[in-house]
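A.B. asks: For reference, the file target-v1.cif (mmCIF, C-alpha atoms and all ligand atoms) is included below:
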```
data_entry
#
loop_
_atom_site.group_PDB
_atom_site.id
_atom_site.type_symbol
_atom_site.label_atom_id
_atom_site.label_comp_id
_atom_site.auth_asym_id
_atom_site.auth_seq_id
_atom_site.Cartn_x
_atom_site.Cartn_y
_atom_site.Cartn_z
ATOM 1 C CA MET E 1 0.000 0.000 0.000
ATOM 2 C CA SER E 2 1.280 3.412 -0.980
ATOM 3 C CA GLU E 3 -0.622 6.074 0.991
ATOM 4 C CA ASP E 4 -1.156 8.550 -1.825
ATOM 5 C CA CYS E 5 -1.706 6.004 -4.636
ATOM 6 C CA ILE E 6 -5.242 6.168 -5.992
ATOM 7 C CA PHE E 7 -5.221 2.524 -7.144
ATOM 8 C CA CYS E 8 -4.010 1.335 -3.711
ATOM 9 C CA GLN E 9 -6.904 3.314 -2.234
ATOM 10 C CA ILE E 10 -9.344 1.521 -4.566
ATOM 11 C CA VAL E 11 -7.768 -1.860 -3.657
ATOM 12 C CA ASP E 12 -8.201 -1.030 0.040
ATOM 13 C CA GLY E 13 -11.782 0.196 -0.449
ATOM 14 C CA GLU E 14 -10.908 3.708 0.743
ATOM 15 C CA ILE E 15 -12.295 5.189 -2.441
ATOM 16 C CA PRO E 16 -14.995 3.568 -4.554
ATOM 17 C CA GLY E 17 -14.242 1.541 -7.638
ATOM 18 C CA ARG E 18 -16.648 -0.302 -9.914
ATOM 19 C CA VAL E 19 -15.044 -3.680 -9.308
ATOM 20 C CA VAL E 20 -15.617 -6.356 -11.951
ATOM 21 C CA TYR E 21 -13.181 -9.032 -10.724
ATOM 22 C CA GLU E 22 -11.137 -9.812 -7.630
ATOM 23 C CA ASP E 23 -8.835 -12.578 -6.434
ATOM 24 C CA ASP E 24 -6.084 -12.779 -3.805
ATOM 25 C CA ASP E 25 -3.564 -10.869 -5.908
ATOM 26 C CA VAL E 26 -5.510 -8.833 -8.461
ATOM 27 C CA LEU E 27 -8.363 -6.341 -8.664
ATOM 28 C CA ALA E 28 -10.135 -5.253 -11.858
ATOM 29 C CA PHE E 29 -12.420 -2.237 -12.040
ATOM 30 C CA LEU E 30 -13.955 0.050 -14.642
ATOM 31 C CA ASP E 31 -11.886 2.988 -15.844
ATOM 32 C CA ALA E 32 -13.277 6.312 -14.580
ATOM 33 C CA ASN E 33 -12.647 7.956 -17.948
ATOM 34 C CA PRO E 34 -13.258 5.114 -20.401
ATOM 35 C CA MET E 35 -11.930 5.099 -23.953
ATOM 36 C CA ALA E 36 -14.857 2.797 -24.801
ATOM 37 C CA PRO E 37 -17.785 1.341 -22.850
ATOM 38 C CA GLY E 38 -16.501 -1.419 -20.558
ATOM 39 C CA HIS E 39 -12.894 -0.106 -20.458
ATOM 40 C CA THR E 40 -11.438 -2.085 -17.561
ATOM 41 C CA LEU E 41 -8.222 -1.733 -15.551
ATOM 42 C CA VAL E 42 -6.478 -4.770 -14.058
ATOM 43 C CA VAL E 43 -4.065 -4.076 -11.197
ATOM 44 C CA PRO E 44 -1.927 -6.153 -8.855
ATOM 45 C CA LYS E 45 -3.084 -5.540 -5.275
ATOM 46 C CA ALA E 46 0.506 -4.904 -4.241
ATOM 47 C CA HIS E 47 1.882 -1.476 -5.107
ATOM 48 C CA HIS E 48 4.573 -1.589 -7.787
ATOM 49 C CA GLU E 49 5.198 1.231 -10.195
ATOM 50 C CA THR E 50 6.212 -0.505 -13.427
ATOM 51 C CA LEU E 51 6.333 -4.010 -14.882
ATOM 52 C CA GLY E 52 10.064 -4.042 -14.206
ATOM 53 C CA ASP E 53 9.381 -3.567 -10.480
ATOM 54 C CA LEU E 54 6.693 -6.252 -10.367
ATOM 55 C CA PRO E 55 7.552 -9.667 -8.894
ATOM 56 C CA GLU E 56 7.044 -12.417 -11.470
ATOM 57 C CA ALA E 57 4.248 -14.041 -9.446
ATOM 58 C CA ASP E 58 2.240 -10.796 -9.480
ATOM 59 C CA GLY E 59 2.884 -10.446 -13.210
ATOM 60 C CA SER E 60 1.571 -13.958 -13.757
ATOM 61 C CA ALA E 61 -1.520 -13.209 -11.675
ATOM 62 C CA VAL E 62 -2.198 -10.020 -13.647
ATOM 63 C CA PHE E 63 -1.789 -11.849 -16.951
ATOM 64 C CA ALA E 64 -4.064 -14.686 -15.826
ATOM 65 C CA ALA E 65 -6.739 -12.130 -14.933
ATOM 66 C CA LEU E 66 -6.329 -10.319 -18.266
ATOM 67 C CA HIS E 67 -6.562 -13.664 -20.070
ATOM 68 C CA ARG E 68 -9.789 -14.486 -18.276
ATOM 69 C CA LEU E 69 -11.320 -11.003 -18.408
ATOM 70 C CA ALA E 70 -10.641 -9.816 -21.963
ATOM 71 C CA PRO E 71 -13.234 -12.125 -23.587
ATOM 72 C CA LEU E 72 -15.734 -11.462 -20.778
ATOM 73 C CA VAL E 73 -15.367 -7.680 -21.160
ATOM 74 C CA GLU E 74 -15.807 -8.015 -24.931
ATOM 75 C CA ASP E 75 -18.965 -10.081 -24.453
ATOM 76 C CA ALA E 76 -20.361 -7.688 -21.832
ATOM 77 C CA VAL E 77 -20.410 -4.766 -24.264
ATOM 78 C CA ASP E 78 -20.826 -6.785 -27.471
ATOM 79 C CA ALA E 79 -17.406 -5.694 -28.762
ATOM 80 C CA ASP E 80 -15.661 -7.245 -31.764
ATOM 81 C CA ALA E 81 -12.226 -7.337 -30.133
ATOM 82 C CA SER E 82 -10.168 -5.640 -27.452
ATOM 83 C CA THR E 83 -6.909 -3.777 -27.075
ATOM 84 C CA VAL E 84 -4.989 -5.055 -24.036
ATOM 85 C CA ALA E 85 -2.138 -2.741 -23.139
ATOM 86 C CA PHE E 86 0.164 -1.322 -20.480
ATOM 87 C CA ASN E 87 1.592 2.173 -20.455
ATOM 88 C CA ASN E 88 4.826 1.168 -18.739
ATOM 89 C CA GLY E 89 6.542 4.256 -17.306
ATOM 90 C CA GLU E 90 5.823 7.969 -17.331
ATOM 91 C CA ALA E 91 7.374 8.646 -20.737
ATOM 92 C CA ALA E 92 5.044 6.009 -22.202
ATOM 93 C CA GLY E 93 2.000 7.869 -20.879
ATOM 94 C CA GLN E 94 1.597 6.075 -17.546
ATOM 95 C CA GLU E 95 -0.299 8.565 -15.392
ATOM 96 C CA ILE E 96 -0.943 6.410 -12.337
ATOM 97 C CA PRO E 97 2.315 4.953 -10.949
ATOM 98 C CA HIS E 98 0.774 1.598 -9.985
ATOM 99 C CA VAL E 99 1.022 -1.148 -12.641
ATOM 100 C CA HIS E 100 -2.240 -1.523 -14.539
ATOM 101 C CA GLY E 101 -3.330 -3.312 -17.677
ATOM 102 C CA HIS E 102 -6.037 -1.780 -19.828
ATOM 103 C CA VAL E 103 -8.734 -3.889 -21.495
ATOM 104 C CA ILE E 104 -10.302 -1.564 -24.053
ATOM 105 C CA PRO E 105 -13.249 -2.960 -26.009
ATOM 106 C CA ARG E 106 -12.907 -2.422 -29.749
ATOM 107 C CA PHE E 107 -15.530 -2.243 -32.445
ATOM 108 C CA GLU E 108 -15.181 -2.861 -36.168
ATOM 109 C CA GLY E 109 -14.131 0.411 -37.799
ATOM 110 C CA ASP E 110 -13.794 2.385 -34.546
ATOM 111 C CA GLY E 111 -10.465 3.812 -35.721
ATOM 112 C CA GLY E 112 -9.055 3.887 -32.182
ATOM 113 C CA GLY E 113 -6.208 2.040 -30.563
ATOM 114 C CA PRO E 114 -2.645 2.767 -29.526
HETATM 115 P P1 LIG E 201 -2.479 5.316 -17.687
HETATM 116 O O1 LIG E 201 -2.470 6.535 -18.539
HETATM 117 O O2 LIG E 201 -1.723 5.521 -16.391
HETATM 118 O O3 LIG E 201 -2.052 4.065 -18.414
HETATM 119 O O4 LIG E 201 -3.986 5.059 -17.327
HETATM 120 C C1 LIG E 201 -4.565 5.521 -16.156
HETATM 121 C C2 LIG E 201 -6.039 5.256 -16.307
HETATM 122 O O5 LIG E 201 -6.624 5.385 -15.007
HETATM 123 C C3 LIG E 201 -6.756 6.256 -17.207
HETATM 124 O O6 LIG E 201 -7.424 5.544 -18.228
HETATM 125 C C4 LIG E 201 -7.728 6.986 -16.269
HETATM 126 O O7 LIG E 201 -8.970 7.261 -16.882
HETATM 127 C C5 LIG E 201 -7.870 6.006 -15.120
HETATM 128 N N1 LIG E 201 -8.128 6.615 -13.826
HETATM 129 C C6 LIG E 201 -7.511 7.693 -13.281
HETATM 130 N N2 LIG E 201 -7.978 7.952 -12.043
HETATM 131 C C7 LIG E 201 -8.908 6.996 -11.801
HETATM 132 C C8 LIG E 201 -9.754 6.725 -10.676
HETATM 133 O O8 LIG E 201 -9.731 7.402 -9.657
HETATM 134 N N3 LIG E 201 -10.598 5.673 -10.776
HETATM 135 C C9 LIG E 201 -10.635 4.883 -11.898
HETATM 136 N N4 LIG E 201 -11.504 3.866 -11.900
HETATM 137 N N5 LIG E 201 -9.859 5.111 -12.975
HETATM 138 C C10 LIG E 201 -9.010 6.142 -12.930
HETATM 139 ZN ZN ZN E 202 -0.548 1.730 -5.536
#
```
Output the structure of this file as structure tokens.
Ligand code: 5GP
Ligand code: ZN

C.D. replies:
Amino acid sequence: MSEDCIFCQIVDGEIPGRVVYEDDDVLAFLDANPMAPGHTLVVPKAHHETLGDLPEADGSAVFAALHRLAPLVEDAVDADASTVAFNNGEAAGQEIPHVHGHVIPRFEGDGGGP
């Protein structure tokens, strides 16, 4: 837990999150400013800033959750596909310094994506 980390505060229930999945190591919740309906963030419960800081076991847990969730998120909003991505470090556009994977539903011809 990092006191002033917004994602740690969501993990700890100190601020509300629209949680869609939880296990011992991972929490997934809807993005507050979605790029598409159903845009979901998947975070390790432990605070680590980048993938390079993340213990392998937490990385595996995050990937397992992404693997399970991506098709469910797509189905939930009737998407055609999804972009699954990490902004890994500030220069790559990472705004919240707590590792998080994005699952962004995609629709045929939406013209979006990284
Ligand atoms: P980044 O740019 O760091 O890869 O993505 C951060 C994401 O977190 C953005 O998509 C942004 O909309 C989302 N976000 C920022 N603050 C909050 C918050 O307080 N709650 C939730 N659910 N999402 C947030
Ligand atoms: Zn954190």

A.B. asks: Apply the PyMOL selection byres (((chain E and resi 79-83) around 8) and not hetatm) to the structure shown and report the selected residues as a list in words.

C.D. replies: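 Matching residues under the PyMOL selection byres (((chain E and resi 79-83) around 8) and not hetatm) are Ala70, Glu74, Asp75, Ala76, Val77, Asp78, Val84, Ala85, His102, Val103, Ile104, Pro105, Arg106, Phe107, Glu108 and Gly113 of chain E.
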
A.B. asks: Ranking E:Met35, E:Pro16, E:Val42, E:Ile96 by minimum distance to Leu66 of chain E and counting only C-alpha atoms, which one comes first?

C.D. replies: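 Ranked by minimum distance to Leu66 of chain E, first place goes to E:Val42.
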
A.B. asks: Pick out the residues no farther than 8 Å from ligand ZN 202 (chain E), counting only C-alpha atoms and all ligand atoms, and list them as a ChimeraX atom specification.

C.D. replies: /E:1-9,45-49,97-99

A.B. asks: Ligand LIG 201 (chain E): which residues are within 7 Å, counting all atoms listed in the file, as a list in words?

C.D. replies: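 Checked against 7 Å with all atoms listed in the file; the hits are Ile6, Gly17, Arg18, Phe29, Leu30, Asp31, Ala32, Asn33, Pro34, Phe86, Asn87, Gly93, Gln94, Glu95, Ile96, Pro97 and His100 of chain E.
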
A.B. asks: Quick check, in Å to one decimal: how far apart do atom CA of Gly38 of chain E and atom CA of Leu69 of chain E lie?

C.D. replies: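 Interatomic distance here is 11.1 Å.
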
A.B. asks: What's the separation between atom CA of Ala91 of chain E and atom CA of Gly109 of chain E, in Å to one decimal place?

C.D. replies: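 Answer for the atom CA of Ala91 of chain E to atom CA of Gly109 of chain E separation: 28.7 Å.
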
A.B. asks: How many Å lie between atom CA of Gly52 of chain E and atom CA of Tyr21 of chain E, rounded to one decimal?

C.D. replies: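 Separation of atom CA of Gly52 of chain E and atom CA of Tyr21 of chain E: 24.0 Å.
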
A.B. asks: Choose the residue, out of E:Thr50, E:Ala36, E:Ala92, E:Asp24, that has the smallest atom-to-atom separation from Ala65 of chain E; count only C-alpha atoms.

C.D. replies: E:Asp24

A.B. asks: With distances taken over only C-alpha atoms, which residue among E:Val11, E:Val19, E:Val43, E:Val73 lies nearest Asp58 of chain E?

C.D. replies: E:Val43

A.B. asks: Pick out the residues sitting within 12 Å of Ala57 of chain E, and hand them over as a list in words; count all atoms listed in the file, and ignore anything fewer than 2 positions along from it in its own chain.

C.D. replies: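 Those residues are Asp24, Asp25, Val26, Pro44, Lys45, Ala46, Leu51, Asp53, Leu54, Pro55, Gly59, Ser60, Ala61, Val62, Phe63 and Ala64 of chain E.
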
A.B. asks: Measuring between only C-alpha atoms, which one of E:Pro71, E:Gly89, E:Gly101, E:Gly111 shows the shortest distance to Ala28 of chain E?

C.D. replies: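 Closest candidate: E:Gly101.
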